[in-house]
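One structure is given below, encoded as C-alpha cells.
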Amino acid sequence: MLGDERGRAPDAAWVAHPAAPRLPGLEVSQQAAADHRLAVDLDALPAAAHRVSVLLALPSGAGGPARFGAMAAPFVAITGLDGAEVVGYTITDLDSESAVVALELYRRQGAWKVRAVGQGYAGGLAAMLHDQGLP
C-alpha cells in the first residue's frame, strides 16, 4: 500500500494486491500468498507517495489458519534485484491477529529508509485498512 506524507492511503487505488497487482513503481505477485514477493521501484513511485507499507493478511474462510498465532511467525525480507537479502524481519508475538503491517519503506529528507513494524490487527484486514486511512 502506498501512503502520503502522513502515511495514509488517500483511497483504495493506492493499494496493490493480487487482484489489482500494479501501481506506479509497485507490483504484487498474483501468487502473493505462494511466493511472498513484492517488486518496488522507488524512483518510479508517484511523487505524492512517501510510504510503502507491506501488509499481510490471512484469507478468511479459506480453511487455513484464522490467526497468526496458529502458525509459524511470518518472515519478510527486502532483497536486491539479484535476490540477495538486504534486511530480514521475523514478526514475533502475534496471537489473535489475522492481519499485520509487516514493514514500511518511507521517504525522509530525500532518501528512502526501511522500518520493521509488526503491528497486528485482531480485527483483520478491514481494521488494518481502516487504521491506514481507508473506510
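Order determines the names: the first chain of the C-alpha cells is A, the second B, and so forth; residues in each chain are numbered 1 upward, and ligands are numbered 1 upward as they are shown.
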Within chain A, find each residue whose DSSP state, derived from the backbone, is alpha helix (DSSP H), and express the selection as a ChimeraX atom specification.
/A:32-35,124-131
Can I get the residues of range 21-79 of chain A within 7 Å of range 99-112 of chain A, each with the closest pair of atoms and their distance in Å to one decimal, using only C-alpha atoms, sorted chain first then ascending number, as a Markdown table?
| residue | atom | partner | partner_atom | distance |
| --- | --- | --- | --- | --- |
| A:His50 | CA | A:Arg107 | CA | 5.1 |
| A:Arg51 | CA | A:Tyr106 | CA | 4.3 |
| A:Val52 | CA | A:Leu105 | CA | 5.0 |
| A:Ser53 | CA | A:Glu104 | CA | 4.4 |
| A:Val54 | CA | A:Leu103 | CA | 5.4 |
| A:Leu55 | CA | A:Val101 | CA | 4.6 |
| A:Leu56 | CA | A:Val100 | CA | 5.3 |
| A:Ala57 | CA | A:Ala99 | CA | 4.1 |
| A:Leu58 | CA | A:Ala99 | CA | 6.3 |
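Note that the spacing between CA of Leu38 in chain A and CA of Glu5 in chain A amounts to 21.6 Å.
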Got a sec: who's within 9 Å of Arg67 in chain A, counting only C-alpha atoms, leaving out chain neighbours fewer than 4 positions off, as a list in words?
Leu58, Met71, Leu94, Asp95, Ser96, Glu97, Ser98, Ala99, Ala122 and Gly124 of chain A
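Among the candidates A:Pro74, A:Asp41, A:Ala13, A:Val114, the residue lying nearest to Val87 in chain A is A:Val114 (atoms considered: only C-alpha atoms).
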Residue with the minimum atom-to-atom distance to Leu23 in chain A, picked from A:Val76, A:Ile91, A:Ala9, A:Met1 with only C-alpha atoms counted, is A:Met1
Within chain A, find each residue whose DSSP state, derived from the backbone, is strand (DSSP E), and express the selection as a ChimeraX atom specification.
/A:2-3,22-23,26-28,38-40,51-57,75-79,85-90,99-108,111-121
Give me the residues near range 24-29 of chain A as an NGL selection string, where near means some atom within 6 Å (using only C-alpha atoms) and where sequence neighbours in that chain fewer than 4 positions away do not count.
:A and (17 or 37-41 or 44-45)
Would you work out the distance separating CA of Glu85 in chain A from CA of Asp4 in chain A, expressed in Å to one decimal?
27.0 Å
Please compute the CA of Val117 in chain A-CA of Arg22 in chain A distance, one decimal, in Å.
23.3 Å
Nearby residues (only C-alpha atoms) at most 10 Å from Thr92 in chain A, same-chain spacing under 3 positions excluded, as a ChimeraX atom specification:
/A:68-69,72-75,89,95,118
Store the residues of this selection in a file with N, CA and C atoms, as a PDB file, in the first residue's frame.
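Result went into result21.pdb, see below:
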ATOM      1  N   PHE A  68      -2.541 -15.502  13.160  1.00  0.00           N
ATOM      2  CA  PHE A  68      -1.105 -15.717  13.023  1.00  0.00           C
ATOM      3  C   PHE A  68      -0.523 -16.536  14.167  1.00  0.00           C
ATOM      4  N   GLY A  69      -1.153 -16.521  15.337  1.00  0.00           N
ATOM      5  CA  GLY A  69      -0.661 -17.284  16.470  1.00  0.00           C
ATOM      6  C   GLY A  69      -0.747 -18.788  16.271  1.00  0.00           C
ATOM      7  N   ALA A  72       3.593 -20.601  12.072  1.00  0.00           N
ATOM      8  CA  ALA A  72       4.958 -20.114  12.273  1.00  0.00           C
ATOM      9  C   ALA A  72       4.982 -18.601  12.093  1.00  0.00           C
ATOM     10  N   ALA A  73       5.840 -17.941  12.844  1.00  0.00           N
ATOM     11  CA  ALA A  73       5.959 -16.489  12.758  1.00  0.00           C
ATOM     12  C   ALA A  73       6.311 -16.071  11.328  1.00  0.00           C
ATOM     13  N   PRO A  74       5.593 -15.083  10.764  1.00  0.00           N
ATOM     14  CA  PRO A  74       5.884 -14.650   9.399  1.00  0.00           C
ATOM     15  C   PRO A  74       7.256 -13.983   9.309  1.00  0.00           C
ATOM     16  N   PHE A  75       7.914 -14.188   8.188  1.00  0.00           N
ATOM     17  CA  PHE A  75       9.215 -13.590   7.906  1.00  0.00           C
ATOM     18  C   PHE A  75       9.087 -12.757   6.647  1.00  0.00           C
ATOM     19  N   TYR A  89      13.191  -9.688   8.614  1.00  0.00           N
ATOM     20  CA  TYR A  89      12.470  -9.422   9.851  1.00  0.00           C
ATOM     21  C   TYR A  89      11.455 -10.527  10.105  1.00  0.00           C
ATOM     22  N   ASP A  95      -0.692 -13.307  18.061  1.00  0.00           N
ATOM     23  CA  ASP A  95      -1.561 -14.346  18.614  1.00  0.00           C
ATOM     24  C   ASP A  95      -2.897 -14.362  17.881  1.00  0.00           C
ATOM     25  N   GLY A 118       5.524  -4.644  12.392  1.00  0.00           N
ATOM     26  CA  GLY A 118       4.952  -5.767  13.133  1.00  0.00           C
ATOM     27  C   GLY A 118       3.684  -5.452  13.906  1.00  0.00           C
TER      28      GLY A 118
END
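Distance annotation: of A:Ala70, A:Ala19, A:Ile78, A:Ala84, the residue with the minimal separation from Lys113 in chain A is A:Ile78; atom set is only C-alpha atoms.
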